[in-house]
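Since the structure comes first, as C-alpha cells, the remarks are kept for the end.
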Amino acid sequence: MQTVLVTGGAGFIGANFILLARQNNWFNIINVDKLTYASNLENLAELQNDTNYHFVQGDIDNVELVSYLLDKYQPNAIINFAAETHVDRSIFSPQTFIQTNVVGTFNLLEATRFYWQKLSLQNQQQFRFLHVSTDEVYGSLSTQEPAFREDTPYAPNSPYAASKAAADHFVRAYYHTYKLPTLTTNCSNNYGMRQFPEKLIPLTILNALDGKSLPIYGDGQNIRDWLYVIDHCEAIYLVIQQGKIGETYNIGGLNEQTNLTVVKKICAILDELIPKPNFSYSSLINFVPDRPGHDRRYAIDCSKIRRDLGWQPKENFDSGLRKTVQWYLDNSAWVNQVSSGAYQNWLKQNYENRK
Ligand code: NAD
Ligand code: TYD
C-alpha cells in the first residue's frame, strides 16, 4: 500500500479525506498539521489505534521538519490541504495567509523537490504532489457568465483568494521548471460534517440551535456552488490515482445556491427536526452589512474531471444538507469543544460592528 503525507489533515476536508482513506485502505497516512484554531484532533480520534496512521504536529513552512518526515516515511505522494481558509479572517489579518498559503506552500515544494530529486527514476515517475486549491482564485462571475473552466484567467479578489492563487502559481512553476509531478485541484465551497463553525453552513446551524440571529451579508443573493465534502474527497483520490501530471482539475457540485436559499433550507430542516411551537428558525435571519469585496457568484465547470476521470458529484444538496445538520445535532461534544473562548472572540470581532 502507498504512503501519503497529508498536510492540514486535522481540518475539515483533510480529516474527512483521511478517515475515508483509512476506511477504504487507500493509503498509509502521515498527517502533518500545525494545529491552528481551525483544526481539531477529535476529528481523527477513531484512528488512535490505527498503525497505518501517524500524526505529527508541524508547520509546512518548516523545511527541516518536512524534509525529516519525507526521509523517514518515504511517501509516494503529498496532498497539501494545509492553509488558512476563511475569507473574513483574511480581511482582518492577511499576514498569516501569506505566511502559510504562499510561503508555507513554497517551502513545502522546496522540501518536496529536495526529497524527490533523491528518489530512483521509477519512484520519481510514480511520485505525486497534489495541491488542493479553490475556485475563488478565478474571481467573481455575474449571473450570466459561464462557469469557471481550468483555463479561466486568475482574478483573485480577497487576500485569501490571492494567497491561494500565488500558491497555485508556485505549484505550476515547480512542474514546469523542475518537472516535479504536480496536480492541482480547484474546488467550489464544501459543506458537511466537521466544518469549523466560522463558515456559513455550520455557523447558521449552531446559531439557530442557540436561538441567535443568522447573519446574511448584503442582500443574500451572492451565489456559491456547494459540494458535499465526501464528493470532494473522492475526486481528490481519483486525481491522485489517475490525474495527468502538471494539470489542474476543477471540482464542483453543479449546485448553485444563493446564500439566502441555503440559510432558509437549513431553517426548514431544523423546523422539522427540532420544532418549536409558533416559531420558525427563519425568523432569526438578519441581513447585516456586506463583506468588503464580496464576490457575487462562483460556478464551476467540472466537465474536464467528468470526461477524463469519470467523476461527478453523488450527493444531492437536500440530502447532504440534512445529513450535515443531523451530524451537528449528534455531535454536541465536538461542537462544545470548538465553541471555545477563541471562537467567541472571533464572533465578536466579525459580527459586533455589523449589527
Ligand atoms: P480548514 O481551515 O478547516 O483546515 C485547515 C487545516 O490546516 C487546519 O487543521 C490547520 O491547523 C492546518 N494548517 C494551517 N496552517 C498550517 C501550517 N502552516 N502547517 C500545517 N498545517 C496548517 O480548511 P479546509 O476547509 O479543510 O480546507 C482545506 C484545503 O482545501 C485548503 O487548502 C482550502 O484552501 C481548500 N479548499 C477549501 C474549500 C472549502 O469550502 N472549505 C473549498 C475549496 C478548497
Ligand atoms: P463562507 O462559508 O465564508 O465561504 P466563502 O466566503 O469562502 O465562499 O461564506 C459563504 C457565503 O456566505 C459567502 O458568500 C459569504 C456568506 N456569508 C454570510 O452571508 N454570512 C456569514 O456569516 C458568513 C460566514 C458567510
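By convention in this document, the chains of the C-alpha cells carry letters A, B, ... by their order, each chain's residues are numbered from 1, and ligands are numbered from 1 in the order they are shown.
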
Show me a table, sorted first by chain and then by increasing residue number, of the residues of chain A having an atom at most 7 Å from ligand 2, each with its shortest atom pair and the distance in Å to one decimal, counting only C-alpha atoms and all ligand atoms and written as JSON lines.
{"residue": "A:His86", "atom": "CA", "partner": "ligand 2", "partner_atom_place_in_ligand_line": "3 (O)", "distance": 5.9}
{"residue": "A:Val87", "atom": "CA", "partner": "ligand 2", "partner_atom_place_in_ligand_line": "6 (O)", "distance": 5.3}
{"residue": "A:Asp88", "atom": "CA", "partner": "ligand 2", "partner_atom_place_in_ligand_line": "3 (O)", "distance": 6.6}
{"residue": "A:Asn189", "atom": "CA", "partner": "ligand 2", "partner_atom_place_in_ligand_line": "8 (O)", "distance": 6.0}
{"residue": "A:Glu198", "atom": "CA", "partner": "ligand 2", "partner_atom_place_in_ligand_line": "24 (C)", "distance": 5.7}
{"residue": "A:Lys199", "atom": "CA", "partner": "ligand 2", "partner_atom_place_in_ligand_line": "2 (O)", "distance": 3.6}
{"residue": "A:Leu200", "atom": "CA", "partner": "ligand 2", "partner_atom_place_in_ligand_line": "2 (O)", "distance": 3.9}
{"residue": "A:Ile201", "atom": "CA", "partner": "ligand 2", "partner_atom_place_in_ligand_line": "2 (O)", "distance": 6.5}
{"residue": "A:Leu203", "atom": "CA", "partner": "ligand 2", "partner_atom_place_in_ligand_line": "24 (C)", "distance": 6.7}
{"residue": "A:Pro215", "atom": "CA", "partner": "ligand 2", "partner_atom_place_in_ligand_line": "22 (O)", "distance": 4.8}
{"residue": "A:Ile216", "atom": "CA", "partner": "ligand 2", "partner_atom_place_in_ligand_line": "19 (O)", "distance": 3.6}
{"residue": "A:Tyr217", "atom": "CA", "partner": "ligand 2", "partner_atom_place_in_ligand_line": "19 (O)", "distance": 3.8}
{"residue": "A:Gly220", "atom": "CA", "partner": "ligand 2", "partner_atom_place_in_ligand_line": "19 (O)", "distance": 6.1}
{"residue": "A:Asn222", "atom": "CA", "partner": "ligand 2", "partner_atom_place_in_ligand_line": "14 (O)", "distance": 5.3}
{"residue": "A:Ile223", "atom": "CA", "partner": "ligand 2", "partner_atom_place_in_ligand_line": "14 (O)", "distance": 6.5}
{"residue": "A:Arg224", "atom": "CA", "partner": "ligand 2", "partner_atom_place_in_ligand_line": "8 (O)", "distance": 6.4}
{"residue": "A:Asn259", "atom": "CA", "partner": "ligand 2", "partner_atom_place_in_ligand_line": "12 (O)", "distance": 5.5}
{"residue": "A:His294", "atom": "CA", "partner": "ligand 2", "partner_atom_place_in_ligand_line": "14 (O)", "distance": 6.8}
{"residue": "A:Asp295", "atom": "CA", "partner": "ligand 2", "partner_atom_place_in_ligand_line": "14 (O)", "distance": 6.9}

Keeping only C-alpha atoms, write those residues as a PDB file, in the first residue's frame.
ATOM      1  CA  HIS A  86     -11.520  31.877   5.972  1.00  0.00           C
ATOM      2  CA  VAL A  87     -12.094  34.904   3.729  1.00  0.00           C
ATOM      3  CA  ASP A  88     -13.374  37.117   6.575  1.00  0.00           C
ATOM      4  CA  ASN A 189     -17.474  25.578  -1.494  1.00  0.00           C
ATOM      5  CA  GLU A 198     -16.954  30.187  11.216  1.00  0.00           C
ATOM      6  CA  LYS A 199     -18.213  29.158   7.739  1.00  0.00           C
ATOM      7  CA  LEU A 200     -21.766  29.882   6.576  1.00  0.00           C
ATOM      8  CA  ILE A 201     -23.431  26.467   6.895  1.00  0.00           C
ATOM      9  CA  LEU A 203     -22.454  28.923  11.653  1.00  0.00           C
ATOM     10  CA  PRO A 215     -26.233  36.856   9.760  1.00  0.00           C
ATOM     11  CA  ILE A 216     -26.577  37.217   5.996  1.00  0.00           C
ATOM     12  CA  TYR A 217     -24.129  39.561   4.323  1.00  0.00           C
ATOM     13  CA  GLY A 220     -28.155  37.379   0.459  1.00  0.00           C
ATOM     14  CA  ASN A 222     -24.449  36.003  -3.615  1.00  0.00           C
ATOM     15  CA  ILE A 223     -24.168  32.586  -5.188  1.00  0.00           C
ATOM     16  CA  ARG A 224     -21.877  29.706  -4.259  1.00  0.00           C
ATOM     17  CA  ASN A 259     -26.833  32.356   0.464  1.00  0.00           C
ATOM     18  CA  HIS A 294     -17.683  40.183  -1.586  1.00  0.00           C
ATOM     19  CA  ASP A 295     -17.556  38.001  -4.736  1.00  0.00           C
TER      20      ASP A 295
END

Those in stretch 25-148 of chain A with strand (DSSP E or B) from DSSP, as a ChimeraX atom specification: /A:28-33,53-57,77-80,128-134,148

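Near stretch 124-128 of chain A, within 10 Å and counting only C-alpha atoms, sit Val4, Pro75, Asn76, Ala77, Ile78, Ile79, Thr112, Tyr115, Trp116, Gln117, Lys118, Leu119, Ser120, Leu121, Gln122, Leu130, His131, Lys179, Leu180, Pro181, Thr182, Leu183, Val239, Ile240, Gln241, Gly243, Ile245 and Gly246 of chain A, not including residues fewer than 2 positions from it in the same chain.
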
Which residues of chain A have any atom within 7 Å of an atom in ligand 1 when counting only C-alpha atoms and all ligand atoms, and what is the closest pair of atoms for each, with the distance in Å to one decimal? Order the rows by chain and rising number and write it as a Markdown table.
| residue | atom | partner | partner_atom_place_in_ligand_line | distance |
| --- | --- | --- | --- | --- |
| A:Thr7 | CA | ligand 1 | 21 (N) | 5.8 |
| A:Gly8 | CA | ligand 1 | 7 (O) | 3.5 |
| A:Gly9 | CA | ligand 1 | 9 (O) | 5.7 |
| A:Ala10 | CA | ligand 1 | 9 (O) | 4.0 |
| A:Gly11 | CA | ligand 1 | 9 (O) | 3.3 |
| A:Phe12 | CA | ligand 1 | 26 (O) | 3.6 |
| A:Ile13 | CA | ligand 1 | 26 (O) | 3.7 |
| A:Gly14 | CA | ligand 1 | 26 (O) | 5.3 |
| A:Val32 | CA | ligand 1 | 20 (C) | 6.0 |
| A:Asp33 | CA | ligand 1 | 21 (N) | 3.7 |
| A:Lys34 | CA | ligand 1 | 21 (N) | 4.0 |
| A:Leu35 | CA | ligand 1 | 11 (O) | 3.7 |
| A:Thr36 | CA | ligand 1 | 11 (O) | 3.8 |
| A:Tyr37 | CA | ligand 1 | 11 (O) | 6.5 |
| A:Ala38 | CA | ligand 1 | 2 (O) | 4.9 |
| A:Ser39 | CA | ligand 1 | 9 (O) | 3.6 |
| A:Asn40 | CA | ligand 1 | 9 (O) | 6.6 |
| A:Gly58 | CA | ligand 1 | 20 (C) | 5.8 |
| A:Asp59 | CA | ligand 1 | 19 (N) | 3.5 |
| A:Ile60 | CA | ligand 1 | 19 (N) | 4.1 |
| A:Asp61 | CA | ligand 1 | 18 (N) | 5.8 |
| A:Asn80 | CA | ligand 1 | 32 (O) | 6.8 |
| A:Phe81 | CA | ligand 1 | 29 (C) | 4.1 |
| A:Ala82 | CA | ligand 1 | 7 (O) | 3.6 |
| A:Ala83 | CA | ligand 1 | 14 (C) | 4.4 |
| A:Glu84 | CA | ligand 1 | 14 (C) | 5.3 |
| A:Thr85 | CA | ligand 1 | 2 (O) | 4.8 |
| A:His86 | CA | ligand 1 | 2 (O) | 6.8 |
| A:Thr100 | CA | ligand 1 | 18 (N) | 4.5 |
| A:Gly104 | CA | ligand 1 | 18 (N) | 5.9 |
| A:Val132 | CA | ligand 1 | 32 (O) | 5.2 |
| A:Ser133 | CA | ligand 1 | 44 (C) | 4.6 |
| A:Thr134 | CA | ligand 1 | 44 (C) | 3.9 |
| A:Asp135 | CA | ligand 1 | 43 (C) | 6.5 |
| A:Lys164 | CA | ligand 1 | 34 (O) | 6.6 |
| A:Asn186 | CA | ligand 1 | 43 (C) | 6.4 |
| A:Cys187 | CA | ligand 1 | 43 (C) | 4.3 |
| A:Ser188 | CA | ligand 1 | 42 (C) | 5.1 |
| A:Asn189 | CA | ligand 1 | 40 (O) | 3.6 |
| A:Asn190 | CA | ligand 1 | 40 (O) | 3.7 |
| A:Tyr191 | CA | ligand 1 | 40 (O) | 6.5 |
| A:Gln195 | CA | ligand 1 | 3 (O) | 6.1 |
| A:Phe196 | CA | ligand 1 | 3 (O) | 6.0 |

Could the residues of stretch 233-328 of chain A that have an atom at most 7 Å from stretch 209-214 of chain A be listed as a Markdown table, each with its closest atom pair and the distance in Å to one decimal, counting only C-alpha atoms and ordered by chain and ascending residue number?
| residue | atom | partner | partner_atom | distance |
| --- | --- | --- | --- | --- |
| A:Leu284 | CA | A:Ser213 | CA | 4.7 |
| A:Ile285 | CA | A:Leu214 | CA | 4.6 |
| A:Asn286 | CA | A:Leu214 | CA | 5.5 |

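Computed from the coordinates, the atom CA of A:Tyr73 to atom CA of A:Ile29 distance equals 9.6 Å.
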
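Atom CA of A:Gln257 lies 13.7 Å from atom CA of A:Ser142.
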
Shell of 9 Å around A:Ala268, only C-alpha atoms, local chain residues under 5 positions omitted, as a list in words: Val263, Leu273, Ser280, Tyr281 and Ser282 of chain A

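Counting only C-alpha atoms and comparing A:Pro275, A:Asp168, A:Asn157, A:Gly252, the residue that lies closest to A:Ala208 is A:Pro275.
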
Of A:Pro146, A:Gly192, A:Gly310, A:Pro159, the one sitting nearest A:Ile91 when using only C-alpha atoms is A:Pro159

From the DSSP assignment of the backbone, select every residue of stretch 161-328 of chain A that is alpha helix (DSSP H), and format the answer as a short mmCIF file (atom, residue, chain, number, x, y, z; two decimals) with N, CA, C and O atoms, in the first residue's frame.
data_model
loop_
_atom_site.label_atom_id
_atom_site.label_comp_id
_atom_site.auth_asym_id
_atom_site.auth_seq_id
_atom_site.Cartn_x
_atom_site.Cartn_y
_atom_site.Cartn_z
N ALA A 161 -8.06 34.53 -1.45
CA ALA A 161 -8.00 34.05 -2.83
C ALA A 161 -6.65 34.38 -3.46
O ALA A 161 -6.09 33.56 -4.20
N ALA A 162 -6.12 35.58 -3.15
CA ALA A 162 -4.82 35.97 -3.72
C ALA A 162 -3.72 35.04 -3.22
O ALA A 162 -2.82 34.65 -3.98
N SER A 163 -3.80 34.66 -1.94
CA SER A 163 -2.75 33.79 -1.39
C SER A 163 -2.84 32.39 -2.01
O SER A 163 -1.82 31.76 -2.28
N LYS A 164 -4.06 31.89 -2.23
CA LYS A 164 -4.20 30.58 -2.87
C LYS A 164 -3.75 30.64 -4.33
O LYS A 164 -3.12 29.70 -4.84
N ALA A 165 -4.06 31.77 -5.00
CA ALA A 165 -3.64 31.91 -6.40
C ALA A 165 -2.12 31.89 -6.50
O ALA A 165 -1.54 31.23 -7.37
N ALA A 166 -1.46 32.61 -5.57
CA ALA A 166 0.01 32.64 -5.58
C ALA A 166 0.56 31.23 -5.39
O ALA A 166 1.50 30.81 -6.09
N ALA A 167 -0.03 30.49 -4.45
CA ALA A 167 0.43 29.12 -4.21
C ALA A 167 0.25 28.27 -5.46
O ALA A 167 1.16 27.50 -5.84
N ASP A 168 -0.90 28.41 -6.12
CA ASP A 168 -1.16 27.63 -7.35
C ASP A 168 -0.07 27.93 -8.40
O ASP A 168 0.39 27.03 -9.11
N HIS A 169 0.32 29.19 -8.47
CA HIS A 169 1.34 29.57 -9.47
C HIS A 169 2.68 28.91 -9.15
O HIS A 169 3.40 28.49 -10.05
N PHE A 170 3.01 28.84 -7.85
CA PHE A 170 4.27 28.17 -7.49
C PHE A 170 4.22 26.68 -7.84
O PHE A 170 5.21 26.12 -8.33
N VAL A 171 3.06 26.06 -7.59
CA VAL A 171 2.94 24.63 -7.92
C VAL A 171 3.14 24.45 -9.43
O VAL A 171 3.89 23.56 -9.88
N ARG A 172 2.49 25.30 -10.19
CA ARG A 172 2.64 25.25 -11.65
C ARG A 172 4.11 25.42 -12.05
O ARG A 172 4.66 24.68 -12.87
N ALA A 173 4.78 26.39 -11.42
CA ALA A 173 6.18 26.68 -11.76
C ALA A 173 7.09 25.49 -11.43
O ALA A 173 8.06 25.22 -12.15
N TYR A 174 6.79 24.77 -10.34
CA TYR A 174 7.64 23.63 -9.97
C TYR A 174 7.49 22.48 -10.96
O TYR A 174 8.42 21.71 -11.16
N TYR A 175 6.32 22.37 -11.55
CA TYR A 175 6.16 21.35 -12.60
C TYR A 175 6.95 21.77 -13.84
O TYR A 175 7.74 20.99 -14.39
N HIS A 176 6.77 23.01 -14.25
CA HIS A 176 7.40 23.46 -15.50
C HIS A 176 8.91 23.55 -15.36
O HIS A 176 9.65 23.22 -16.28
N THR A 177 9.38 24.02 -14.20
CA THR A 177 10.83 24.25 -14.05
C THR A 177 11.58 22.98 -13.67
O THR A 177 12.61 22.66 -14.25
N TYR A 178 11.05 22.28 -12.65
CA TYR A 178 11.81 21.13 -12.11
C TYR A 178 11.22 19.78 -12.52
O TYR A 178 11.75 18.75 -12.15
N LEU A 200 -20.32 29.59 6.61
CA LEU A 200 -21.77 29.88 6.58
C LEU A 200 -22.66 28.74 7.09
O LEU A 200 -23.53 28.97 7.94
N ILE A 201 -22.46 27.53 6.57
CA ILE A 201 -23.43 26.47 6.90
C ILE A 201 -23.37 26.05 8.37
O ILE A 201 -24.40 26.10 9.07
N PRO A 202 -22.19 25.70 8.91
CA PRO A 202 -22.20 25.34 10.35
C PRO A 202 -22.52 26.53 11.25
O PRO A 202 -23.16 26.34 12.30
N LEU A 203 -22.12 27.74 10.85
CA LEU A 203 -22.45 28.92 11.65
C LEU A 203 -23.97 29.06 11.77
O LEU A 203 -24.52 29.30 12.85
N THR A 204 -24.65 28.87 10.64
CA THR A 204 -26.11 29.00 10.63
C THR A 204 -26.75 27.93 11.51
O THR A 204 -27.65 28.22 12.31
N ILE A 205 -26.26 26.69 11.38
CA ILE A 205 -26.85 25.60 12.17
C ILE A 205 -26.68 25.90 13.67
O ILE A 205 -27.65 25.83 14.45
N LEU A 206 -25.45 26.25 14.07
CA LEU A 206 -25.19 26.41 15.51
C LEU A 206 -25.87 27.67 16.07
O LEU A 206 -26.42 27.64 17.18
N ASN A 207 -25.86 28.76 15.30
CA ASN A 207 -26.57 29.96 15.78
C ASN A 207 -28.06 29.67 15.94
O ASN A 207 -28.67 30.07 16.93
N ALA A 208 -28.63 28.97 14.96
CA ALA A 208 -30.08 28.68 15.02
C ALA A 208 -30.38 27.83 16.27
O ALA A 208 -31.34 28.11 17.00
N LEU A 209 -29.54 26.84 16.54
CA LEU A 209 -29.79 25.98 17.71
C LEU A 209 -29.68 26.78 19.02
O LEU A 209 -30.34 26.47 20.00
N VAL A 229 -18.60 17.34 1.14
CA VAL A 229 -17.16 17.13 1.35
C VAL A 229 -16.68 15.74 0.90
O VAL A 229 -15.57 15.59 0.38
N ILE A 230 -17.53 14.72 1.06
CA ILE A 230 -17.10 13.36 0.67
C ILE A 230 -16.93 13.26 -0.85
O ILE A 230 -16.01 12.60 -1.34
N ASP A 231 -17.79 13.97 -1.59
CA ASP A 231 -17.62 14.01 -3.05
C ASP A 231 -16.27 14.63 -3.41
O ASP A 231 -15.58 14.17 -4.33
N HIS A 232 -15.90 15.69 -2.67
CA HIS A 232 -14.60 16.32 -2.92
C HIS A 232 -13.46 15.33 -2.64
O HIS A 232 -12.52 15.19 -3.42
N CYS A 233 -13.56 14.63 -1.51
CA CYS A 233 -12.50 13.67 -1.13
C CYS A 233 -12.36 12.58 -2.19
O CYS A 233 -11.23 12.18 -2.54
N GLU A 234 -13.47 12.11 -2.72
CA GLU A 234 -13.40 11.07 -3.76
C GLU A 234 -12.77 11.60 -5.04
O GLU A 234 -12.02 10.89 -5.72
N ALA A 235 -13.05 12.86 -5.33
CA ALA A 235 -12.43 13.47 -6.52
C ALA A 235 -10.91 13.56 -6.33
O ALA A 235 -10.14 13.25 -7.25
N ILE A 236 -10.49 13.94 -5.14
CA ILE A 236 -9.04 14.04 -4.87
C ILE A 236 -8.37 12.67 -5.04
O ILE A 236 -7.29 12.55 -5.62
N TYR A 237 -9.04 11.66 -4.54
CA TYR A 237 -8.50 10.30 -4.66
C TYR A 237 -8.33 9.92 -6.14
O TYR A 237 -7.29 9.39 -6.54
N LEU A 238 -9.33 10.23 -6.93
CA LEU A 238 -9.25 9.91 -8.37
C LEU A 238 -8.13 10.69 -9.05
O LEU A 238 -7.38 10.14 -9.87
N VAL A 239 -8.01 11.98 -8.68
CA VAL A 239 -6.98 12.81 -9.33
C VAL A 239 -5.59 12.28 -8.97
O VAL A 239 -4.71 12.20 -9.84
N ILE A 240 -5.41 11.90 -7.73
CA ILE A 240 -4.06 11.41 -7.36
C ILE A 240 -3.74 10.07 -8.04
O ILE A 240 -2.61 9.79 -8.39
N GLN A 241 -4.77 9.27 -8.27
CA GLN A 241 -4.55 7.98 -8.92
C GLN A 241 -4.37 8.13 -10.43
O GLN A 241 -3.52 7.48 -11.02
N GLN A 242 -5.23 8.97 -11.02
CA GLN A 242 -5.33 8.95 -12.50
C GLN A 242 -5.10 10.29 -13.17
O GLN A 242 -5.13 10.38 -14.40
N ASN A 259 -27.04 32.55 -0.98
CA ASN A 259 -26.83 32.36 0.46
C ASN A 259 -28.16 32.33 1.21
O ASN A 259 -28.34 31.56 2.15
N LEU A 260 -29.09 33.19 0.75
CA LEU A 260 -30.39 33.23 1.43
C LEU A 260 -31.11 31.88 1.31
O LEU A 260 -31.69 31.38 2.28
N THR A 261 -31.03 31.28 0.13
CA THR A 261 -31.67 29.96 -0.05
C THR A 261 -31.04 28.92 0.87
O THR A 261 -31.74 28.11 1.50
N VAL A 262 -29.71 28.94 0.96
CA VAL A 262 -29.02 27.96 1.80
C VAL A 262 -29.50 28.10 3.25
O VAL A 262 -29.86 27.11 3.91
N VAL A 263 -29.54 29.34 3.73
CA VAL A 263 -29.91 29.56 5.14
C VAL A 263 -31.38 29.15 5.35
O VAL A 263 -31.72 28.50 6.35
N LYS A 264 -32.24 29.48 4.39
CA LYS A 264 -33.66 29.09 4.53
C LYS A 264 -33.83 27.56 4.52
O LYS A 264 -34.67 27.03 5.24
N LYS A 265 -33.03 26.88 3.73
CA LYS A 265 -33.12 25.41 3.68
C LYS A 265 -32.72 24.82 5.04
O LYS A 265 -33.33 23.86 5.52
N ILE A 266 -31.66 25.39 5.64
CA ILE A 266 -31.23 24.88 6.95
C ILE A 266 -32.35 25.13 7.97
O ILE A 266 -32.68 24.24 8.78
N CYS A 267 -32.96 26.30 7.91
CA CYS A 267 -34.06 26.61 8.85
C CYS A 267 -35.21 25.62 8.67
O CYS A 267 -35.79 25.15 9.66
N ALA A 268 -35.52 25.29 7.41
CA ALA A 268 -36.64 24.37 7.17
C ALA A 268 -36.33 22.98 7.74
O ALA A 268 -37.21 22.32 8.32
N ILE A 269 -35.07 22.55 7.63
CA ILE A 269 -34.69 21.23 8.18
C ILE A 269 -34.83 21.27 9.71
O ILE A 269 -35.36 20.33 10.33
N LEU A 270 -34.37 22.37 10.32
CA LEU A 270 -34.46 22.46 11.79
C LEU A 270 -35.91 22.57 12.25
O LEU A 270 -36.28 22.01 13.30
N ASP A 271 -36.75 23.26 11.46
CA ASP A 271 -38.19 23.34 11.82
C ASP A 271 -38.79 21.93 11.91
O ASP A 271 -39.66 21.66 12.72
N GLU A 272 -38.27 21.06 11.03
CA GLU A 272 -38.79 19.69 11.00
C GLU A 272 -38.16 18.83 12.12
O GLU A 272 -38.87 18.08 12.80
N LEU A 273 -36.83 18.96 12.30
CA LEU A 273 -36.15 18.07 13.25
C LEU A 273 -36.31 18.50 14.70
O LEU A 273 -36.40 17.66 15.60
N SER A 303 -16.57 19.75 -16.28
CA SER A 303 -16.68 18.74 -17.35
C SER A 303 -15.35 18.02 -17.61
O SER A 303 -15.35 16.87 -18.05
N LYS A 304 -14.21 18.68 -17.29
CA LYS A 304 -12.92 18.02 -17.55
C LYS A 304 -12.74 16.77 -16.66
O LYS A 304 -12.42 15.69 -17.15
N ILE A 305 -12.99 16.92 -15.37
CA ILE A 305 -12.80 15.77 -14.46
C ILE A 305 -13.85 14.69 -14.74
O ILE A 305 -13.58 13.50 -14.60
N ARG A 306 -15.03 15.12 -15.19
CA ARG A 306 -16.05 14.12 -15.54
C ARG A 306 -15.62 13.35 -16.79
O ARG A 306 -15.65 12.12 -16.82
N ARG A 307 -15.17 14.09 -17.78
CA ARG A 307 -14.78 13.46 -19.05
C ARG A 307 -13.52 12.60 -18.89
O ARG A 307 -13.48 11.45 -19.32
N ASP A 308 -12.50 13.15 -18.23
CA ASP A 308 -11.20 12.46 -18.20
C ASP A 308 -11.10 11.39 -17.11
O ASP A 308 -10.42 10.39 -17.27
N LEU A 309 -11.77 11.63 -15.96
CA LEU A 309 -11.59 10.69 -14.84
C LEU A 309 -12.91 10.03 -14.42
O LEU A 309 -12.93 9.21 -13.51
N PHE A 317 -28.05 18.11 -2.82
CA PHE A 317 -27.89 19.14 -1.79
C PHE A 317 -28.86 18.96 -0.63
O PHE A 317 -28.48 19.12 0.54
N ASP A 318 -30.10 18.61 -0.93
CA ASP A 318 -31.09 18.49 0.16
C ASP A 318 -30.71 17.36 1.13
O ASP A 318 -30.75 17.53 2.35
N SER A 319 -30.30 16.21 0.56
CA SER A 319 -29.95 15.11 1.47
C SER A 319 -28.62 15.38 2.16
O SER A 319 -28.44 15.06 3.33
N GLY A 320 -27.67 16.01 1.44
CA GLY A 320 -26.37 16.32 2.04
C GLY A 320 -26.52 17.32 3.18
O GLY A 320 -25.87 17.20 4.23
N LEU A 321 -27.39 18.31 2.97
CA LEU A 321 -27.59 19.33 4.00
C LEU A 321 -28.27 18.72 5.23
O LEU A 321 -27.92 19.01 6.38
N ARG A 322 -29.21 17.82 4.97
CA ARG A 322 -29.91 17.15 6.08
C ARG A 322 -28.93 16.30 6.90
O ARG A 322 -28.92 16.35 8.13
N LYS A 323 -28.05 15.57 6.21
CA LYS A 323 -27.03 14.76 6.91
C LYS A 323 -26.12 15.67 7.74
O LYS A 323 -25.71 15.32 8.84
N THR A 324 -25.80 16.83 7.16
CA THR A 324 -24.88 17.76 7.84
C THR A 324 -25.53 18.31 9.11
O THR A 324 -24.92 18.30 10.19
N VAL A 325 -26.78 18.74 9.00
CA VAL A 325 -27.50 19.26 10.18
C VAL A 325 -27.56 18.17 11.25
O VAL A 325 -27.25 18.40 12.43
N GLN A 326 -27.89 16.95 10.81
CA GLN A 326 -28.01 15.85 11.76
C GLN A 326 -26.67 15.58 12.46
O GLN A 326 -26.63 15.31 13.66
N TRP A 327 -25.57 15.70 11.71
CA TRP A 327 -24.25 15.46 12.30
C TRP A 327 -23.97 16.48 13.42
O TRP A 327 -23.50 16.10 14.51
N TYR A 328 -24.31 17.74 13.19
CA TYR A 328 -24.06 18.75 14.24
C TYR A 328 -24.98 18.51 15.44
O TYR A 328 -24.57 18.73 16.59
#

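Our summary of the geometry notes that atom CA of A:Phe106 is positioned 9.7 Å from atom CA of A:Val63.
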
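Minimum atom-to-atom distances from A:Asp151, A:Asn43, A:Pro197, A:Pro156 to A:Tyr343 were compared using only C-alpha atoms, and the lowest value belongs to A:Pro197.
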
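Considering the residues A:Ile300, A:Glu46, A:Pro289, A:Leu19 and counting only C-alpha atoms, A:Gly139 has its shortest atom-to-atom contact with A:Ile300.
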